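J.: Could you have a look at this structure, given as structure tokens, before my questions?
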Amino acid sequence: MSVYNPNEIEPKWQKKWADAKLFKTTFNTDKPKFYALDMFPYPSGSGLHVGHCEGYTATDIVTRFKRMQGWNVIHPMGWDAFGLPAENYAIKTGIHPRVTTEKAVANFKRQINSIGFAYDWDREVNTTDPNYYKWTQWIFLQLYKKGLAYQGIMPINWCPSCKTGLANEEVAQGKCDRCGTQVERKDLRQWILRITKYADRLLEDLSEVDWPESTLTMQRNWIGRSEGAEVEFTVAEGAAAGEKIKVFTTRPDTLFGATYMVLSPEHALVSKLTSDACRAAVEAYQSAARKKSDLERTELAKEKTGAFTGGYAVNPVNGKKMPVWIADYVLATYGTGAIMAVPAHDERDFEFATKFGIPIVQVVKPKDGCEIDHSCAFTDEGTAVNSGDLDNLTTADAKKKITEELEKKGVGKGAVSYRLRDWVFSRQRYWGEPIPVIHCDKCGIVPVPEKELPVMLPEVEKYEPSGTGESPLATIESWVNTTCPECGGKAKRETNTMPQWAGSCWYYLRYLDPSNSFEPWNKTIEKQWMNVDLYIGGAEHAVLHLLYSRFWHKVLYDLGFVSTKEPFKKLRHQGTVLAASYQDMSGKYHAIDEVEFRDHDAYLKSTGEKLIVEVQKMAKSMLNGVNPDEVVAKYGADVLRLYEMFMGEFELPKPWDPRAIEGCSRFLRRVWRLVDEFDQSKAPSGDPNEKVRHKTIKKVTNDIENMKFNTAIAAMMEYINVLGANGAVRDDIVALVKLIGPYAPHISDELWEKISGEGFLIDAAWPTWNEALTVDQVVTVVVQVNGKLRGEFSISRDATQDQLKEEALKIEKVKQHTDALTIRKIIVIQGKLVNIVVS
Ligand SMILES: [Zn+2]
Ligand SMILES: [Zn+2]
């Protein structure tokens, strides 16, 4: 008898796996392919947390399971290593982000290996490696050549005190995260990617993927396609007289109810429109708006503010003059930056008009004819009223008719609008991919010739932004000044770098051919492996990463570099791992059952009964404390893996409960004992567990396919209980070791060796089951009393004699014929008949 000692066997097997290059994948046409992908991590200084481990364990289980089923599985890992934390750390300490990143990567890799994940490390990629970002730059050039990358002036978050641009995540409640100064908006030259050109395809092709419904909905909403009309209003008088103001509306049928217009404070016409009397107020309002984030500006609940420009525009349908206002709830970057306001039928317009005393004209009445409530806007569809020729038409018909009329008059047309904006693709930062273009006074923008890629990130003395809003690269004269590839004259390099999203847009393609130095990937190889069969990662990436990578993928598809329209066929998000107890403001701890989790609510606010915790924030701030290293040291990696999957349904949030880890540890020790003590000569006669064995194999197999990892573990726990009670035959033991293999690979390889299994367990065949042995067949049993038929019942064919007797005696008619008598004998013919002899 031996003792289960994970700290001894786990490093031993990890070394054997590595020495044998067990997880190395090469393409093999004899086997079906399976691409299992994790969202690669940002290697932060704090290391792996238990949330990472949850997703990685799931793909690892699927990887090992599919391998045993005979698939050729590719399972790579890499590092999304450009980004803010390393750069900010460099600003503070002067340590190069490359050094910090290397250290963090080494730590992540050590942790990942200590958990026994089956990655093919020969495919490791790092987005900050010049051999990688060379191709990120190359893809940018393809986008540029296709007209999908352009320059524009876009506002950034600007801290006037730090003299630096800030990422959105560095702005909290409108203030600089570093110094607390009010953040302003500053206009800068930026590179922008024309993702809007792909809006329709990004929307339509969602029908081709197997993704969580909530993620599909978020993608659809982010793209936000709406149909309506574009309408032109003409400025009535003053310096801007005759100028056109274009708006998009989803409700052109309400045009007769438009009583004023609102421009965004940044709209190009504002200055020209503004009368002298209104100028001071308008300019003050503009300057206040510059200090607010888009989010603050568009918050629905906030008090509406605005300033009248003194200008008027003409409503094209009734010739009425409409005052033109500016208000910060209209964004310059959204739509045309102007709206027609219909206060009777739009909530925000209603609030605004009520506050500023602007007329509210009803032009839609509810379908059922009842009067509308004048204390709020009526935003539903209905029947047109007070609308000239449109009167009595339904909303749908009125939209159609007015759009035709606008087109006839040449003042409008049917149009589609998207919420999706073009993607601002430049950052004024050091630690990112340099954008590979050169600015020449004579030739304009000149792309860096492909053979000169990569444009290397130069060494700098200081990592602080330049103070002008430009990236630190702008201060390195020797790097910035270059010669124009076209005319050979003096030219300057682009100093903007790419956002962190860039490297993660295409890493799944580089994994396929990571050391190719001639092209980003070989097309034949791409065709063999793509697309990704299973992609697992956090729901926090449900919108941007997935949208951006889908966009790049589609461009690459159009250019003939990839063979599939969509990159990720099946996507799943691991549920958030919650802490088991929470501390409130007063310092008191609350167990998880005293906590109510909400998605968007106050953070750690107690409402008497329950502590309210916001799930999203919690995931980041509270669980950094749980270090997988400690669990591995105390219980072993197999227990960590098992617990990660056992704590709850994979896709749902669940608490991290240190006490429950103990249960998983106990289970593995029982598995160990059972297999270790197995003695063929003492096995029971026959095959008493045959049915439960086949049932368990079927359940575990189907559960892994359906990502129900927790119930598969529960089935294995039940199975081992049965084996403990009945005794096990060799088939039981073999099945147990194989089923547990993907979950707890170290102990299984050790036990596999003990029972003289051949090679590594991952190369053994996944167990199969006989369907007939897994279904409980139901039979009809007839019941006689003294040989006369008195009833029948249905029951499993395997029901015992006692169960049959019991069922027979429950039948009402049987009771009537036996109650007053004495039962002498009950004859049971298994699966057929029960005869009760009474006298
Ligand atoms: Zn600041
Ligand atoms: Zn030139």
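In the structure tokens, chains take letters A, B, ... by order of appearance, with residues numbered from 1 within each chain and ligands from 1 in the order shown.
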Residues at most 8 Å from Ile192 in chain A, counting only C-alpha atoms, excluding those fewer than 3 positions away in the same chain, as a PyMOL selection string?

T.: chain A and resi 149-152+422-426

J.: Can you list, as a PyMOL selection string, every protein, DNA or RNA residue that comes within 9 Å of Asp120 in chain A when you count only C-alpha atoms, leaving out same-chain residues fewer than 2 positions away?

T.: chain A and resi 21-25+74-77+118+122-124

J.: Output as JSON lines one row per residue of chain A within 7 Å of ligand 1: the closest atom pair and its distance in Å to one decimal place, counting only C-alpha atoms and all ligand atoms, sorted by chain and residue number ascending.

T.:
```
{"residue": "A:Cys159", "atom": "CA", "partner": "ligand 1", "partner_atom_place_in_ligand_line": "1 (Zn)", "distance": 4.8}
{"residue": "A:Pro160", "atom": "CA", "partner": "ligand 1", "partner_atom_place_in_ligand_line": "1 (Zn)", "distance": 6.8}
{"residue": "A:Ser161", "atom": "CA", "partner": "ligand 1", "partner_atom_place_in_ligand_line": "1 (Zn)", "distance": 5.1}
{"residue": "A:Cys162", "atom": "CA", "partner": "ligand 1", "partner_atom_place_in_ligand_line": "1 (Zn)", "distance": 4.2}
{"residue": "A:Cys176", "atom": "CA", "partner": "ligand 1", "partner_atom_place_in_ligand_line": "1 (Zn)", "distance": 4.6}
{"residue": "A:Asp177", "atom": "CA", "partner": "ligand 1", "partner_atom_place_in_ligand_line": "1 (Zn)", "distance": 6.7}
{"residue": "A:Arg178", "atom": "CA", "partner": "ligand 1", "partner_atom_place_in_ligand_line": "1 (Zn)", "distance": 5.1}
{"residue": "A:Cys179", "atom": "CA", "partner": "ligand 1", "partner_atom_place_in_ligand_line": "1 (Zn)", "distance": 4.2}
{"residue": "A:Gly180", "atom": "CA", "partner": "ligand 1", "partner_atom_place_in_ligand_line": "1 (Zn)", "distance": 6.0}
{"residue": "A:Thr181", "atom": "CA", "partner": "ligand 1", "partner_atom_place_in_ligand_line": "1 (Zn)", "distance": 5.4}
```

J.: For range 85-96 of chain A, list every protein, DNA or RNA residue within 12 Å, evaluated using only C-alpha atoms, and leave out those in the same chain fewer than 3 positions away; present the list as a ChimeraX atom specification.

T.: /A:42-46,80-82,99-105,128,166-167,169-170,177-178,428-432,458-465,471-472,500

J.: Using the selection just defined, write its residues with N, CA, C and O atoms as a compact mmCIF listing (two decimals), in the first residue's frame.

T.:
```txt
# COMPACT_ATOMS: atom_id res chain seq x y z
N TYR A 42 -2.95 38.69 -20.08
CA TYR A 42 -1.98 39.77 -19.90
C TYR A 42 -1.13 39.33 -18.71
O TYR A 42 -1.65 39.10 -17.62
N PRO A 43 0.19 39.17 -18.90
CA PRO A 43 1.01 38.66 -17.80
C PRO A 43 1.27 39.75 -16.76
O PRO A 43 2.26 40.47 -16.85
N SER A 44 0.37 39.86 -15.83
CA SER A 44 0.50 40.91 -14.82
C SER A 44 1.46 40.44 -13.73
O SER A 44 1.71 39.25 -13.58
N GLY A 45 1.96 41.39 -12.98
CA GLY A 45 2.91 41.08 -11.93
C GLY A 45 2.33 40.22 -10.84
O GLY A 45 3.05 39.52 -10.14
N SER A 46 0.99 40.26 -10.69
CA SER A 46 0.40 39.51 -9.58
C SER A 46 0.20 38.04 -9.91
O SER A 46 -0.22 37.27 -9.05
N ASP A 80 -0.36 38.24 -24.02
CA ASP A 80 -0.86 39.49 -24.56
C ASP A 80 -0.15 40.59 -23.77
O ASP A 80 -0.71 41.13 -22.83
N ALA A 81 1.08 40.89 -24.14
CA ALA A 81 1.96 41.52 -23.15
C ALA A 81 2.19 43.03 -23.29
O ALA A 81 2.85 43.62 -22.44
N PHE A 82 1.69 43.65 -24.37
CA PHE A 82 1.75 45.11 -24.38
C PHE A 82 0.67 45.62 -23.44
O PHE A 82 -0.35 44.97 -23.26
N VAL A 99 11.56 44.12 -19.33
CA VAL A 99 12.10 43.38 -18.18
C VAL A 99 10.96 42.91 -17.27
O VAL A 99 10.89 41.74 -16.87
N THR A 100 10.05 43.83 -16.97
CA THR A 100 8.90 43.49 -16.13
C THR A 100 8.10 42.37 -16.77
O THR A 100 7.66 41.43 -16.11
N THR A 101 7.90 42.52 -18.09
CA THR A 101 7.08 41.55 -18.81
C THR A 101 7.73 40.17 -18.80
O THR A 101 7.08 39.16 -18.55
N GLU A 102 9.04 40.13 -19.05
CA GLU A 102 9.74 38.84 -19.06
C GLU A 102 9.60 38.12 -17.72
O GLU A 102 9.36 36.92 -17.66
N LYS A 103 9.72 38.91 -16.67
CA LYS A 103 9.62 38.34 -15.33
C LYS A 103 8.20 37.79 -15.09
O LYS A 103 8.03 36.68 -14.57
N ALA A 104 7.22 38.59 -15.49
CA ALA A 104 5.83 38.17 -15.28
C ALA A 104 5.50 36.93 -16.11
O ALA A 104 4.82 36.02 -15.65
N VAL A 105 6.01 36.90 -17.34
CA VAL A 105 5.75 35.74 -18.21
C VAL A 105 6.35 34.48 -17.59
O VAL A 105 5.72 33.43 -17.53
N THR A 128 4.70 41.16 -27.74
CA THR A 128 5.74 42.19 -27.69
C THR A 128 7.04 41.74 -28.36
O THR A 128 8.00 42.49 -28.42
N LEU A 166 -5.03 59.88 -21.27
CA LEU A 166 -5.35 58.79 -20.36
C LEU A 166 -6.26 57.79 -21.07
O LEU A 166 -7.12 58.17 -21.85
N ALA A 167 -6.04 56.51 -20.78
CA ALA A 167 -6.97 55.49 -21.27
C ALA A 167 -8.25 55.62 -20.45
O ALA A 167 -8.23 56.16 -19.34
N GLU A 169 -9.76 53.53 -18.75
CA GLU A 169 -9.67 52.89 -17.43
C GLU A 169 -8.80 53.68 -16.45
O GLU A 169 -8.73 53.33 -15.29
N GLU A 170 -8.17 54.75 -16.94
CA GLU A 170 -7.39 55.60 -16.03
C GLU A 170 -8.19 56.82 -15.59
O GLU A 170 -7.66 57.72 -14.94
N ASP A 177 -6.81 59.32 -12.68
CA ASP A 177 -6.57 58.28 -11.70
C ASP A 177 -5.27 58.51 -10.93
O ASP A 177 -5.08 57.99 -9.84
N ARG A 178 -4.34 59.27 -11.53
CA ARG A 178 -3.04 59.44 -10.88
C ARG A 178 -3.01 60.62 -9.94
O ARG A 178 -2.41 60.57 -8.88
N GLN A 428 -1.03 57.22 -27.44
CA GLN A 428 0.16 58.07 -27.32
C GLN A 428 1.03 57.49 -26.20
O GLN A 428 1.27 58.11 -25.17
N ARG A 429 1.45 56.25 -26.44
CA ARG A 429 2.14 55.48 -25.42
C ARG A 429 3.42 54.90 -25.98
O ARG A 429 3.62 54.81 -27.18
N TYR A 430 4.26 54.45 -25.07
CA TYR A 430 5.50 53.81 -25.47
C TYR A 430 5.31 52.31 -25.72
O TYR A 430 5.70 51.79 -26.76
N TRP A 431 4.69 51.62 -24.78
CA TRP A 431 4.70 50.16 -24.78
C TRP A 431 3.60 49.57 -25.67
O TRP A 431 2.60 49.05 -25.20
N GLY A 432 3.81 49.74 -26.97
CA GLY A 432 2.86 49.21 -27.96
C GLY A 432 3.57 49.07 -29.29
O GLY A 432 4.73 49.48 -29.44
N PRO A 458 11.98 51.56 -30.27
CA PRO A 458 13.33 51.95 -29.85
C PRO A 458 13.46 51.99 -28.33
O PRO A 458 12.47 51.99 -27.61
N GLU A 459 14.69 52.00 -27.86
CA GLU A 459 14.92 52.19 -26.42
C GLU A 459 14.70 53.67 -26.10
O GLU A 459 15.02 54.53 -26.91
N VAL A 460 14.13 53.94 -24.96
CA VAL A 460 13.97 55.34 -24.55
C VAL A 460 14.62 55.55 -23.20
O VAL A 460 14.84 54.60 -22.45
N GLU A 461 14.87 56.82 -22.92
CA GLU A 461 15.44 57.16 -21.60
C GLU A 461 14.32 57.21 -20.57
O GLU A 461 14.46 56.74 -19.46
N LYS A 462 13.24 57.82 -21.00
CA LYS A 462 12.12 58.04 -20.08
C LYS A 462 10.84 57.52 -20.71
O LYS A 462 10.70 57.55 -21.93
N TYR A 463 9.94 57.03 -19.87
CA TYR A 463 8.71 56.44 -20.41
C TYR A 463 7.53 57.40 -20.33
O TYR A 463 6.45 57.10 -20.76
N GLU A 464 7.76 58.57 -19.73
CA GLU A 464 6.68 59.54 -19.61
C GLU A 464 6.26 60.00 -21.00
O GLU A 464 7.08 60.15 -21.88
N PRO A 465 4.95 60.27 -21.15
CA PRO A 465 4.49 60.88 -22.39
C PRO A 465 5.20 62.22 -22.60
O PRO A 465 5.76 62.79 -21.66
N SER A 471 3.31 60.49 -28.08
CA SER A 471 3.92 59.38 -27.35
C SER A 471 5.38 59.69 -27.04
O SER A 471 5.98 60.56 -27.66
N PRO A 472 5.97 58.99 -26.07
CA PRO A 472 7.39 59.22 -25.74
C PRO A 472 8.30 59.01 -26.95
O PRO A 472 9.41 59.53 -26.98
N GLN A 500 -3.72 48.09 -27.07
CA GLN A 500 -3.43 46.72 -26.63
C GLN A 500 -4.24 45.68 -27.39
O GLN A 500 -3.82 44.54 -27.51
```

J.: Skip Asn835 in chain A itself and residues of its chain fewer than 3 positions away, then list as a VMD selection string all residues within 10 Å of it, counting only C-alpha atoms.

T.: chain A and resid 782 to 790 805 808 825 to 829 838

J.: Just C-alpha atoms for this one: save the residues we selected as a JSON list (two decimals), in the first residue's frame.

T.:
```json
[["chain", "number", "residue", "atom", "x", "y", "z"],
["A", 782, "VAL", "CA", -49.19, -8.19, -14.87],
["A", 783, "VAL", "CA", -50.59, -8.84, -11.45],
["A", 784, "GLN", "CA", -52.83, -11.78, -10.58],
["A", 785, "VAL", "CA", -54.58, -12.69, -7.39],
["A", 786, "ASN", "CA", -55.09, -16.44, -7.14],
["A", 787, "GLY", "CA", -54.39, -16.68, -10.89],
["A", 788, "LYS", "CA", -56.95, -14.06, -11.93],
["A", 789, "LEU", "CA", -55.79, -10.86, -13.66],
["A", 790, "ARG", "CA", -56.27, -7.88, -11.33],
["A", 805, "LYS", "CA", -44.04, -7.24, -4.88],
["A", 808, "ALA", "CA", -48.15, -5.08, -7.10],
["A", 825, "LYS", "CA", -47.42, -16.70, -1.07],
["A", 826, "ILE", "CA", -46.26, -14.28, -3.78],
["A", 827, "ILE", "CA", -44.87, -15.78, -6.95],
["A", 828, "VAL", "CA", -42.71, -13.46, -9.05],
["A", 829, "ILE", "CA", -41.61, -14.12, -12.60],
["A", 838, "VAL", "CA", -54.41, -15.58, -0.79]]
```

J.: When distances are computed from only C-alpha atoms, which of A:Asn113, A:Asn126, A:Gln190, A:Gln574 shows the smallest separation from Ala539 in chain A?

T.: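 Residue with the minimum atom-to-atom distance to Ala539 in chain A: A:Gln574.
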
J.: Mind dumping a table of every chain A residue within 7 Å of ligand 2, with the nearest atom pair and its distance in Å to one decimal, using only C-alpha atoms and all ligand atoms, sorted by chain and rising number, as JSON lines?

T.:
```
{"residue": "A:Cys440", "atom": "CA", "partner": "ligand 2", "partner_atom_place_in_ligand_line": "1 (Zn)", "distance": 4.7}
{"residue": "A:Asp441", "atom": "CA", "partner": "ligand 2", "partner_atom_place_in_ligand_line": "1 (Zn)", "distance": 6.6}
{"residue": "A:Lys442", "atom": "CA", "partner": "ligand 2", "partner_atom_place_in_ligand_line": "1 (Zn)", "distance": 5.0}
{"residue": "A:Cys443", "atom": "CA", "partner": "ligand 2", "partner_atom_place_in_ligand_line": "1 (Zn)", "distance": 4.2}
{"residue": "A:Gly444", "atom": "CA", "partner": "ligand 2", "partner_atom_place_in_ligand_line": "1 (Zn)", "distance": 6.9}
{"residue": "A:Cys484", "atom": "CA", "partner": "ligand 2", "partner_atom_place_in_ligand_line": "1 (Zn)", "distance": 4.5}
{"residue": "A:Pro485", "atom": "CA", "partner": "ligand 2", "partner_atom_place_in_ligand_line": "1 (Zn)", "distance": 6.6}
{"residue": "A:Glu486", "atom": "CA", "partner": "ligand 2", "partner_atom_place_in_ligand_line": "1 (Zn)", "distance": 5.0}
{"residue": "A:Cys487", "atom": "CA", "partner": "ligand 2", "partner_atom_place_in_ligand_line": "1 (Zn)", "distance": 4.1}
{"residue": "A:Gly488", "atom": "CA", "partner": "ligand 2", "partner_atom_place_in_ligand_line": "1 (Zn)", "distance": 6.1}
{"residue": "A:Gly489", "atom": "CA", "partner": "ligand 2", "partner_atom_place_in_ligand_line": "1 (Zn)", "distance": 5.6}
{"residue": "A:Ala491", "atom": "CA", "partner": "ligand 2", "partner_atom_place_in_ligand_line": "1 (Zn)", "distance": 6.9}
```

J.: Using only C-alpha atoms for the distances, tell me which of A:Arg666, A:Lys691, A:Gln803, A:Phe650 is nearest to Ala712 in chain A.

T.: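 When distances to Ala712 in chain A are compared using only C-alpha atoms, the smallest one comes from A:Phe650.
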
J.: Name all residues at most 7 Å from Ala728 in chain A (count only C-alpha atoms; drop same-chain ones fewer than 5 positions away) and give them as a list in words.

T.: Ala683, Pro684, Leu723 and Ile733 of chain A

J.: Got a sec to tell me which of range 355-460 of chain A DSSP assigns to alpha helix (DSSP H), as a PyMOL selection string?

T.: chain A and resi 355-356+395-409

J.: Got time to write the residues from that selection, C-alpha atoms, as a short mmCIF file (atom, residue, chain, number, x, y, z; two decimals), in the first residue's frame?

T.:
```cif
data_model
loop_
_atom_site.label_atom_id
_atom_site.label_comp_id
_atom_site.auth_asym_id
_atom_site.auth_seq_id
_atom_site.Cartn_x
_atom_site.Cartn_y
_atom_site.Cartn_z
CA LYS A 355 -37.29 72.12 -18.41
CA PHE A 356 -36.77 74.85 -21.02
CA THR A 395 -46.51 54.33 -37.57
CA ALA A 396 -45.07 51.87 -40.09
CA ASP A 397 -47.09 53.31 -42.99
CA ALA A 398 -46.41 56.90 -41.91
CA LYS A 399 -42.65 56.19 -41.87
CA LYS A 400 -42.82 54.84 -45.39
CA LYS A 401 -44.93 57.69 -46.74
CA ILE A 402 -42.93 60.53 -45.17
CA THR A 403 -39.66 58.98 -46.35
CA GLU A 404 -40.98 58.91 -49.93
CA GLU A 405 -42.08 62.53 -49.66
CA LEU A 406 -38.73 63.65 -48.24
CA GLU A 407 -36.96 61.89 -51.10
CA LYS A 408 -39.26 63.55 -53.65
CA LYS A 409 -38.54 66.98 -52.16
#
```
